[in-house]
$ cat target39.cif   # mmCIF, C-alpha atoms
data_coords
#
loop_
_atom_site.group_PDB
_atom_site.id
_atom_site.type_symbol
_atom_site.label_atom_id
_atom_site.label_comp_id
_atom_site.auth_asym_id
_atom_site.auth_seq_id
_atom_site.Cartn_x
_atom_site.Cartn_y
_atom_site.Cartn_z
ATOM 1 C CA MET A 13 91.607 56.024 123.214
ATOM 2 C CA GLU A 14 92.419 58.144 120.171
ATOM 3 C CA PRO A 15 93.026 56.001 117.064
ATOM 4 C CA LYS A 16 96.650 56.151 116.015
ATOM 5 C CA ILE A 17 97.423 58.013 112.773
ATOM 6 C CA SER A 18 100.507 57.304 110.662
ATOM 7 C CA VAL A 19 101.633 60.056 108.286
ATOM 8 C CA VAL A 20 104.379 59.543 105.708
ATOM 9 C CA THR A 21 106.045 62.284 103.678
ATOM 10 C CA PRO A 22 108.104 61.353 100.601
ATOM 11 C CA SER A 23 110.710 64.006 99.879
ATOM 12 C CA TYR A 24 113.613 64.791 97.589
ATOM 13 C CA ASN A 25 115.415 68.142 97.472
ATOM 14 C CA ALA A 26 112.484 69.770 99.238
ATOM 15 C CA ALA A 27 114.382 72.264 101.387
ATOM 16 C CA SER A 28 112.084 75.104 100.369
ATOM 17 C CA CYS A 29 108.975 73.450 101.814
ATOM 18 C CA ILE A 30 109.778 70.380 103.954
ATOM 19 C CA ARG A 31 109.855 72.309 107.237
ATOM 20 C CA GLU A 32 106.358 73.703 106.698
ATOM 21 C CA ALA A 33 105.015 70.235 105.846
ATOM 22 C CA ALA A 34 106.711 68.582 108.817
ATOM 23 C CA LEU A 35 105.642 71.209 111.328
ATOM 24 C CA SER A 36 102.055 70.994 110.092
ATOM 25 C CA VAL A 37 102.105 67.404 111.347
ATOM 26 C CA LEU A 38 104.205 67.777 114.484
ATOM 27 C CA ASN A 39 102.300 70.842 115.693
ATOM 28 C CA GLN A 40 98.933 69.049 115.655
ATOM 29 C CA SER A 41 97.133 69.095 119.001
ATOM 30 C CA TYR A 42 96.127 65.456 118.498
ATOM 31 C CA GLU A 43 98.315 63.145 120.579
ATOM 32 C CA ASN A 44 98.264 59.676 119.060
ATOM 33 C CA TYR A 45 100.191 59.882 115.798
ATOM 34 C CA GLU A 46 103.544 59.025 114.255
ATOM 35 C CA TYR A 47 105.306 60.906 111.499
ATOM 36 C CA ILE A 48 107.808 59.420 109.069
ATOM 37 C CA VAL A 49 109.745 61.284 106.385
ATOM 38 C CA MET A 50 111.224 59.090 103.661
ATOM 39 C CA ASP A 51 113.824 61.217 101.901
ATOM 40 C CA GLY A 52 115.323 60.022 98.631
ATOM 41 C CA GLY A 53 118.881 61.130 99.394
ATOM 42 C CA SER A 54 118.484 64.871 98.955
ATOM 43 C CA THR A 55 121.508 66.927 97.910
ATOM 44 C CA ASP A 56 120.129 70.277 99.067
ATOM 45 C CA ASP A 57 119.502 71.378 102.670
ATOM 46 C CA THR A 58 116.595 68.965 103.275
ATOM 47 C CA VAL A 59 118.577 66.578 105.470
ATOM 48 C CA ASN A 60 119.875 69.392 107.674
ATOM 49 C CA ILE A 61 116.330 70.636 108.172
ATOM 50 C CA LEU A 62 115.161 67.137 109.126
ATOM 51 C CA LYS A 63 118.049 66.793 111.585
ATOM 52 C CA ASP A 64 117.144 70.115 113.179
ATOM 53 C CA ILE A 65 113.513 69.068 113.617
ATOM 54 C CA ALA A 66 114.513 65.665 114.980
ATOM 55 C CA HIS A 67 116.770 67.240 117.603
ATOM 56 C CA ASN A 68 114.783 70.289 118.644
ATOM 57 C CA HIS A 69 111.054 69.869 118.146
ATOM 58 C CA PRO A 70 109.035 69.107 121.328
ATOM 59 C CA GLN A 71 107.285 66.230 119.533
ATOM 60 C CA ARG A 72 110.508 64.723 118.170
ATOM 61 C CA HIS A 73 109.706 61.401 119.866
ATOM 62 C CA LYS A 74 106.871 60.988 117.334
ATOM 63 C CA PHE A 75 109.138 61.758 114.390
ATOM 64 C CA ARG A 76 111.567 59.620 112.442
ATOM 65 C CA TRP A 77 113.260 60.162 109.134
ATOM 66 C CA ILE A 78 115.371 58.142 106.733
ATOM 67 C CA SER A 79 117.427 59.495 103.855
ATOM 68 C CA GLU A 80 118.454 56.954 101.240
ATOM 69 C CA ARG A 81 118.107 56.433 97.520
ATOM 70 C CA ASP A 82 114.744 55.200 96.352
ATOM 71 C CA ARG A 83 112.900 54.590 93.092
ATOM 72 C CA GLY A 84 110.786 57.694 93.329
ATOM 73 C CA GLN A 85 107.806 59.087 95.191
ATOM 74 C CA THR A 86 105.684 55.933 95.201
ATOM 75 C CA ASP A 87 108.548 53.754 96.390
ATOM 76 C CA ALA A 88 109.176 56.201 99.236
ATOM 77 C CA ILE A 89 105.500 56.086 100.248
ATOM 78 C CA ASN A 90 105.595 52.283 100.305
ATOM 79 C CA LYS A 91 108.743 52.280 102.446
ATOM 80 C CA GLY A 92 107.032 54.537 104.944
ATOM 81 C CA LEU A 93 103.891 52.415 104.834
ATOM 82 C CA ARG A 94 105.886 49.320 105.828
ATOM 83 C CA LEU A 95 107.140 51.171 108.907
ATOM 84 C CA SER A 96 103.727 52.533 109.887
ATOM 85 C CA THR A 97 101.836 51.169 112.875
ATOM 86 C CA GLY A 98 98.710 53.339 112.951
ATOM 87 C CA GLU A 99 95.047 52.511 112.539
ATOM 88 C CA TRP A 100 94.770 55.211 109.869
ATOM 89 C CA PHE A 101 97.378 56.034 107.197
ATOM 90 C CA ALA A 102 98.018 59.188 105.181
ATOM 91 C CA PHE A 103 100.794 60.463 102.987
ATOM 92 C CA LEU A 104 101.539 64.154 102.819
ATOM 93 C CA ASN A 105 103.765 65.367 100.007
ATOM 94 C CA ALA A 106 106.603 67.672 100.994
ATOM 95 C CA ASP A 107 105.023 70.713 99.327
ATOM 96 C CA ASP A 108 101.615 70.303 100.999
ATOM 97 C CA TYR A 109 100.596 70.877 104.619
ATOM 98 C CA TYR A 110 97.829 70.144 107.104
ATOM 99 C CA GLU A 111 95.520 72.730 108.563
ATOM 100 C CA ALA A 112 95.959 73.510 112.263
ATOM 101 C CA ASN A 113 94.036 71.066 114.494
ATOM 102 C CA ALA A 114 93.064 68.950 111.477
ATOM 103 C CA PHE A 115 93.593 65.668 113.343
ATOM 104 C CA ARG A 116 91.764 66.881 116.454
ATOM 105 C CA ASN A 117 88.810 68.011 114.343
ATOM 106 C CA LEU A 118 88.624 64.507 112.859
ATOM 107 C CA GLU A 119 88.938 62.598 116.136
ATOM 108 C CA ALA A 120 85.249 61.686 116.399
ATOM 109 C CA VAL A 121 85.192 60.733 112.720
ATOM 110 C CA PHE A 122 88.141 58.366 113.127
ATOM 111 C CA VAL A 123 86.262 56.602 115.913
ATOM 112 C CA GLN A 124 82.765 56.579 114.390
ATOM 113 C CA HIS A 125 83.849 55.378 110.975
ATOM 114 C CA ARG A 126 86.406 52.710 111.801
ATOM 115 C CA ASP A 127 84.663 50.447 109.266
ATOM 116 C CA LYS A 128 85.148 52.858 106.341
ATOM 117 C CA ALA A 129 87.924 52.303 103.813
ATOM 118 C CA ILE A 130 88.849 55.964 103.309
ATOM 119 C CA LEU A 131 87.959 59.201 105.066
ATOM 120 C CA TYR A 132 88.275 62.286 102.853
ATOM 121 C CA GLY A 133 87.485 65.942 103.294
ATOM 122 C CA ASN A 134 87.863 69.458 101.934
ATOM 123 C CA CYS A 135 91.156 70.884 100.759
ATOM 124 C CA LYS A 136 92.502 74.354 100.071
ATOM 125 C CA VAL A 137 94.495 74.946 96.889
ATOM 126 C CA TYR A 138 97.377 77.403 97.111
ATOM 127 C CA TYR A 139 99.277 78.764 94.108
ATOM 128 C CA ASP A 140 102.937 79.650 94.502
ATOM 129 C CA GLY A 141 103.480 83.288 93.652
ATOM 130 C CA LEU A 142 99.911 84.415 94.302
ATOM 131 C CA PRO A 143 98.673 86.277 97.403
ATOM 132 C CA GLU A 144 97.139 84.127 100.110
ATOM 133 C CA LYS A 145 93.784 85.762 99.443
ATOM 134 C CA ASP A 146 93.723 83.968 96.085
ATOM 135 C CA THR A 147 93.751 80.554 97.753
ATOM 136 C CA ILE A 148 90.625 78.631 96.846
ATOM 137 C CA SER A 149 88.782 75.863 98.683
ATOM 138 C CA TYR A 150 87.783 72.590 97.063
ATOM 139 C CA ARG A 151 84.826 70.587 98.336
ATOM 140 C CA PRO A 152 84.714 67.102 96.800
ATOM 141 C CA PRO A 153 81.462 65.218 96.191
ATOM 142 C CA SER A 154 79.923 63.916 99.400
ATOM 143 C CA ARG A 155 79.366 60.498 97.825
ATOM 144 C CA ILE A 156 82.211 58.829 95.962
ATOM 145 C CA ASP A 157 82.544 55.224 94.863
ATOM 146 C CA PHE A 158 84.144 53.293 92.014
ATOM 147 C CA LYS A 159 81.479 54.364 89.534
ATOM 148 C CA THR A 160 81.592 58.068 90.371
ATOM 149 C CA MET A 161 85.373 58.096 89.816
ATOM 150 C CA SER A 162 84.819 57.301 86.144
ATOM 151 C CA ALA A 163 85.792 60.856 85.139
ATOM 152 C CA GLY A 164 88.979 60.850 87.203
ATOM 153 C CA ASN A 165 90.192 61.233 90.753
ATOM 154 C CA GLN A 166 87.907 63.424 92.854
ATOM 155 C CA VAL A 167 89.825 63.277 96.148
ATOM 156 C CA PHE A 168 92.834 65.384 97.121
ATOM 157 C CA GLY A 169 95.605 63.195 98.517
ATOM 158 C CA PRO A 170 96.535 65.335 101.558
ATOM 159 C CA ALA A 171 92.878 65.480 102.605
ATOM 160 C CA SER A 172 92.373 61.708 102.785
ATOM 161 C CA PHE A 173 93.117 58.960 105.321
ATOM 162 C CA TYR A 174 93.240 55.231 104.575
ATOM 163 C CA ASN A 175 91.935 52.522 106.882
ATOM 164 C CA MET A 176 95.185 50.647 107.555
ATOM 165 C CA GLN A 177 93.617 47.173 107.734
ATOM 166 C CA ILE A 178 91.926 47.579 104.365
ATOM 167 C CA LEU A 179 94.999 49.249 102.875
ATOM 168 C CA ARG A 180 97.162 46.297 103.931
ATOM 169 C CA ARG A 181 94.754 43.942 102.180
ATOM 170 C CA ALA A 182 94.774 46.094 99.052
ATOM 171 C CA GLY A 183 98.566 45.953 98.866
ATOM 172 C CA GLU A 184 101.119 48.673 98.312
ATOM 173 C CA PHE A 185 100.930 51.638 95.967
ATOM 174 C CA ASP A 186 101.866 50.763 92.381
ATOM 175 C CA THR A 187 105.460 51.860 91.776
ATOM 176 C CA ASN A 188 104.932 51.652 88.022
ATOM 177 C CA LEU A 189 102.737 54.748 88.234
ATOM 178 C CA HIS A 190 104.341 58.161 88.050
ATOM 179 C CA TYR A 191 101.352 60.457 88.638
ATOM 180 C CA TRP A 192 98.203 58.551 89.557
ATOM 181 C CA MET A 193 99.254 56.125 92.293
ATOM 182 C CA ASP A 194 96.681 57.592 94.684
ATOM 183 C CA TYR A 195 93.856 57.392 92.122
ATOM 184 C CA ASP A 196 94.795 53.749 91.517
ATOM 185 C CA MET A 197 94.622 53.042 95.252
ATOM 186 C CA TYR A 198 91.280 54.828 95.621
ATOM 187 C CA LEU A 199 89.837 52.640 92.867
ATOM 188 C CA ARG A 200 91.274 49.453 94.355
ATOM 189 C CA ILE A 201 90.042 50.231 97.846
ATOM 190 C CA SER A 202 86.615 51.420 96.674
ATOM 191 C CA LYS A 203 85.946 47.796 95.705
ATOM 192 C CA MET A 204 86.731 46.699 99.260
ATOM 193 C CA GLY A 205 84.882 49.274 101.351
ATOM 194 C CA LYS A 206 83.091 52.611 101.417
ATOM 195 C CA LEU A 207 84.552 56.109 101.297
ATOM 196 C CA GLN A 208 83.291 58.536 103.939
ATOM 197 C CA TYR A 209 83.146 62.282 103.297
ATOM 198 C CA VAL A 210 83.950 64.687 106.160
ATOM 199 C CA ASP A 211 82.852 68.296 105.725
ATOM 200 C CA LYS A 212 85.982 69.812 107.247
ATOM 201 C CA CYS A 213 89.026 71.468 105.704
ATOM 202 C CA ILE A 214 91.916 69.098 106.311
ATOM 203 C CA ALA A 215 94.896 70.282 104.292
ATOM 204 C CA THR A 216 96.333 72.716 101.758
ATOM 205 C CA PHE A 217 97.533 71.517 98.389
ATOM 206 C CA ARG A 218 100.239 73.606 96.732
ATOM 207 C CA ILE A 219 100.512 74.126 92.974
ATOM 208 C CA SER A 220 103.729 75.373 91.386
ATOM 209 C CA HIS A 221 105.293 75.272 87.941
ATOM 210 C CA GLY A 222 108.121 73.060 89.160
ATOM 211 C CA GLN A 223 105.967 70.192 90.389
ATOM 212 C CA LYS A 224 106.043 66.703 88.903
ATOM 213 C CA SER A 225 102.489 66.638 87.572
ATOM 214 C CA PRO A 226 101.682 69.300 84.956
ATOM 215 C CA SER A 227 100.532 72.596 86.422
ATOM 216 C CA ASP A 228 99.146 73.792 83.079
ATOM 217 C CA PHE A 229 98.713 72.585 79.484
ATOM 218 C CA ARG A 230 101.789 74.138 77.892
ATOM 219 C CA ASN A 231 104.079 71.115 78.289
ATOM 220 C CA LYS A 232 102.166 68.930 75.867
ATOM 221 C CA SER A 233 104.313 65.789 76.165
ATOM 222 C CA VAL A 234 104.111 65.741 79.975
ATOM 223 C CA TYR A 235 100.403 66.395 79.941
ATOM 224 C CA ARG A 236 99.874 63.684 77.296
ATOM 225 C CA ASN A 237 101.652 61.160 79.546
ATOM 226 C CA PHE A 238 99.584 62.410 82.456
ATOM 227 C CA GLN A 239 96.387 61.676 80.524
ATOM 228 C CA LYS A 240 97.543 58.282 79.291
ATOM 229 C CA GLU A 241 98.375 57.119 82.801
ATOM 230 C CA ALA A 242 94.933 58.189 84.051
ATOM 231 C CA HIS A 243 93.291 56.120 81.308
ATOM 232 C CA TYR A 244 95.570 53.165 82.020
ATOM 233 C CA VAL A 245 94.734 53.228 85.738
ATOM 234 C CA TYR A 246 91.011 53.186 85.134
ATOM 235 C CA PHE A 247 91.174 50.353 82.578
ATOM 236 C CA LYS A 248 93.508 48.423 84.862
ATOM 237 C CA ASN A 249 90.869 48.535 87.573
ATOM 238 C CA GLY A 250 88.012 47.401 85.377
ATOM 239 C CA GLY A 251 86.786 50.623 83.785
ATOM 240 C CA GLY A 252 85.203 50.536 80.320
ATOM 241 C CA TYR A 253 85.610 52.575 77.134
ATOM 242 C CA PHE A 254 82.685 54.829 78.026
ATOM 243 C CA ASN A 255 84.728 56.039 80.989
ATOM 244 C CA LYS A 256 87.602 56.900 78.684
ATOM 245 C CA LEU A 257 85.251 59.287 76.901
ATOM 246 C CA LEU A 258 84.337 60.863 80.253
ATOM 247 C CA LEU A 259 88.009 61.382 81.061
ATOM 248 C CA ARG A 260 88.611 62.976 77.668
ATOM 249 C CA ARG A 261 85.562 65.211 78.112
ATOM 250 C CA SER A 262 86.872 66.370 81.504
ATOM 251 C CA ILE A 263 90.284 67.194 80.042
ATOM 252 C CA THR A 264 88.779 69.042 77.062
ATOM 253 C CA ILE A 265 86.561 71.175 79.307
ATOM 254 C CA GLY A 266 89.591 71.925 81.457
ATOM 255 C CA ARG A 267 91.562 73.178 78.443
ATOM 256 C CA ILE A 268 88.729 75.494 77.412
ATOM 257 C CA ILE A 269 88.468 76.968 80.929
ATOM 258 C CA PHE A 270 92.254 77.283 81.140
ATOM 259 C CA TRP A 271 92.568 79.449 78.028
ATOM 260 C CA ARG A 272 89.453 81.461 78.830
ATOM 261 C CA ASN A 273 90.726 82.285 82.310
ATOM 262 C CA ARG A 274 94.197 83.061 81.043
ATOM 263 C CA LEU A 275 92.898 85.484 78.421
ATOM 264 C CA LYS A 276 90.801 87.173 81.115
ATOM 265 C CA GLY A 277 93.837 87.478 83.390
ATOM 266 C CA ASP A 278 92.240 85.248 86.026
ATOM 267 C CA PRO A 279 94.992 84.426 88.588
ATOM 268 C CA HIS A 280 93.401 81.004 89.062
ATOM 269 C CA TYR A 281 93.974 79.782 85.520
ATOM 270 C CA LEU A 282 96.139 76.917 86.834
ATOM 271 C CA ARG A 283 93.303 75.493 88.890
ATOM 272 C CA VAL A 284 91.559 73.820 85.961
ATOM 273 C CA VAL A 285 94.121 71.026 85.946
ATOM 274 C CA ARG A 286 93.325 70.164 89.535
ATOM 275 C CA LEU A 287 89.595 70.735 89.393
ATOM 276 C CA ALA A 288 88.932 69.294 85.948
ATOM 277 C CA ASP A 289 91.189 66.269 86.246
ATOM 278 C CA ARG A 290 90.956 65.788 90.016
ATOM 279 C CA LYS A 291 94.643 64.867 90.281
#
$ encode --input "target39.cif" --output "structure tokens"
Amino acid sequence: MEPKISVVTPSYNAASCIREAALSVLNQSYENYEYIVMDGGSTDDTVNILKDIAHNHPQRHKFRWISERDRGQTDAINKGLRLSTGEWFAFLNADDYYEANAFRNLEAVFVQHRDKAILYGNCKVYYDGLPEKDTISYRPPSRIDFKTMSAGNQVFGPASFYNMQILRRAGEFDTNLHYWMDYDMYLRISKMGKLQYVDKCIATFRISHGQKSPSDFRNKSVYRNFQKEAHYVYFKNGGGYFNKLLLRRSITIGRIIFWRNRLKGDPHYLRVVRLADRK
């Protein structure tokens, strides 16, 4: 029997993108999944869109949604996690989406690697405002463990699935973290089991100027907080001062590439944040 997959989407005022995210789950050809949207009490049209999907989509029996105030993205993910009943768990942010047949393409992997802590794969990166032809593909390292994450997160969230049994033992996502809750969980789980790479494109990650994490280096205070939290997460999980230097090196290289690309008019100048800092 197909292993059951639980997908949770945290959302708040995501009317511009929530339908695309939700349909990317509900239109999967894979049968054994459940989809939960935890909305933080949106004041835009998000709730109406969720109601429409819940009433009219052919797979509405696999879909549930709750709209209530929460303490932010991480709290919403944890609420959805408590409701999840699958063998594998994933969270998909409201502005990201899965590739068609992503679950079906991973079916054999879910079965063969039931002992692995995390399954992760390739991810496309899409930039709001750019033509689709400018979308790039990101292939993470095929071997990742606690040590190789010393320079930052190397896994895209929408392209990863957590082993539910191991995730339950690891505990919930840290609600004190604003940006790096997934990196923190990867580090925690990497001490409990192995990560398995899958050479398939699983999802598309969207970058826009309005997102929570910094999309470029111009907002210095936000980016400074972004860096500090990355350092805190690694030290919290047992990293040493040498790793702090690696993180700083990664960020410095990213800044250099950012300004070089921008001066050259490269439409991908935003990508250095995601590819240099892996967040």
$ resolve_selection --input "target39.cif" --expression "the PyMOL selection byres ((chain A and resi 86-95) around 9)" --output "ChimeraX atom specification"
/A:18-23,48-52,82-85,96-97,101-103,184-190,193
$ write_last_selection --input "target39.cif" --atoms "C-alpha atoms" --output "JSON list (two decimals), keeping the file's coordinate frame"
[["chain", "number", "residue", "atom", "x", "y", "z"],
["A", 18, "SER", "CA", 100.51, 57.30, 110.66],
["A", 19, "VAL", "CA", 101.63, 60.06, 108.29],
["A", 20, "VAL", "CA", 104.38, 59.54, 105.71],
["A", 21, "THR", "CA", 106.04, 62.28, 103.68],
["A", 22, "PRO", "CA", 108.10, 61.35, 100.60],
["A", 23, "SER", "CA", 110.71, 64.01, 99.88],
["A", 48, "ILE", "CA", 107.81, 59.42, 109.07],
["A", 49, "VAL", "CA", 109.74, 61.28, 106.38],
["A", 50, "MET", "CA", 111.22, 59.09, 103.66],
["A", 51, "ASP", "CA", 113.82, 61.22, 101.90],
["A", 52, "GLY", "CA", 115.32, 60.02, 98.63],
["A", 82, "ASP", "CA", 114.74, 55.20, 96.35],
["A", 83, "ARG", "CA", 112.90, 54.59, 93.09],
["A", 84, "GLY", "CA", 110.79, 57.69, 93.33],
["A", 85, "GLN", "CA", 107.81, 59.09, 95.19],
["A", 96, "SER", "CA", 103.73, 52.53, 109.89],
["A", 97, "THR", "CA", 101.84, 51.17, 112.88],
["A", 101, "PHE", "CA", 97.38, 56.03, 107.20],
["A", 102, "ALA", "CA", 98.02, 59.19, 105.18],
["A", 103, "PHE", "CA", 100.79, 60.46, 102.99],
["A", 184, "GLU", "CA", 101.12, 48.67, 98.31],
["A", 185, "PHE", "CA", 100.93, 51.64, 95.97],
["A", 186, "ASP", "CA", 101.87, 50.76, 92.38],
["A", 187, "THR", "CA", 105.46, 51.86, 91.78],
["A", 188, "ASN", "CA", 104.93, 51.65, 88.02],
["A", 189, "LEU", "CA", 102.74, 54.75, 88.23],
["A", 190, "HIS", "CA", 104.34, 58.16, 88.05],
["A", 193, "MET", "CA", 99.25, 56.12, 92.29]]
$ resolve_selection --input "target39.cif" --expression "the PyMOL selection byres ((chain A and resi 39) around 12)" --output "MDAnalysis selection string"
chainID A and resid 31:38 40:43 45:47 65 69:72 74:75 109:116
$ atom_distance --input "target39.cif" --atom1 "atom CA of A:Arg236" --atom2 "atom CA of A:Asn25"
25.9 Å
$ axis_aligned_box --input "target39.cif" --around "stretch 22-39 of chain A" --padding-each-side "4 Å" --output "AutoDock Vina command-line options"
--center_x 108.7 --center_y 68.2 --center_z 106.6 --size_x 21.4 --size_y 21.8 --size_z 26.2
$ closest_residue --input "target39.cif" --among "A:Lys63, A:Lys16, A:Lys136, A:His243" --to "A:Gly169" --atoms "all atoms listed in the file"
A:Lys136
$ closest_residue --input "target39.cif" --among "A:Tyr246, A:Phe217, A:Tyr150, A:Phe238" --to "A:Tyr195" --atoms "all atoms listed in the file"
A:Tyr246
$ residues_around --input "target39.cif" --residues "A:Phe158" --least-positions-apart "6" --cutoff "10 Å" --atoms "all atoms listed in the file" --output "PyMOL selection string"
chain A and resi 198-203+206-207+246+249-251
$ atom_distance --input "target39.cif" --atom1 "atom CA of A:Ile156" --atom2 "atom CA of A:Asp196"
14.3 Å
$ resolve_selection --input "target39.cif" --expression "the PyMOL selection byres ((chain A and resi 13) around 10)" --output "ChimeraX atom specification"
/A:14-16,44,123
$ write_last_selection --input "target39.cif" --atoms "C-alpha atoms" --output "mmCIF file, in the coordinates of the input"
data_model
loop_
_atom_site.group_PDB
_atom_site.id
_atom_site.type_symbol
_atom_site.label_atom_id
_atom_site.label_comp_id
_atom_site.auth_asym_id
_atom_site.auth_seq_id
_atom_site.Cartn_x
_atom_site.Cartn_y
_atom_site.Cartn_z
ATOM 1 C CA GLU A 14 92.419 58.144 120.171
ATOM 2 C CA PRO A 15 93.026 56.001 117.064
ATOM 3 C CA LYS A 16 96.650 56.151 116.015
ATOM 4 C CA ASN A 44 98.264 59.676 119.060
ATOM 5 C CA VAL A 123 86.262 56.602 115.913
#
$ closest_residue --input "target39.cif" --among "A:Leu179, A:Val167, A:Val210, A:Ile219" --to "A:Trp192" --atoms "all atoms listed in the file"
A:Val167
$ closest_residue --input "target39.cif" --among "A:Lys248, A:Lys128, A:Lys240, A:Arg81" --to "A:Tyr174" --atoms "all atoms listed in the file"
A:Lys128
$ atom_distance --input "target39.cif" --atom1 "atom CA of A:Ser172" --atom2 "atom CA of A:Glu80"
26.6 Å
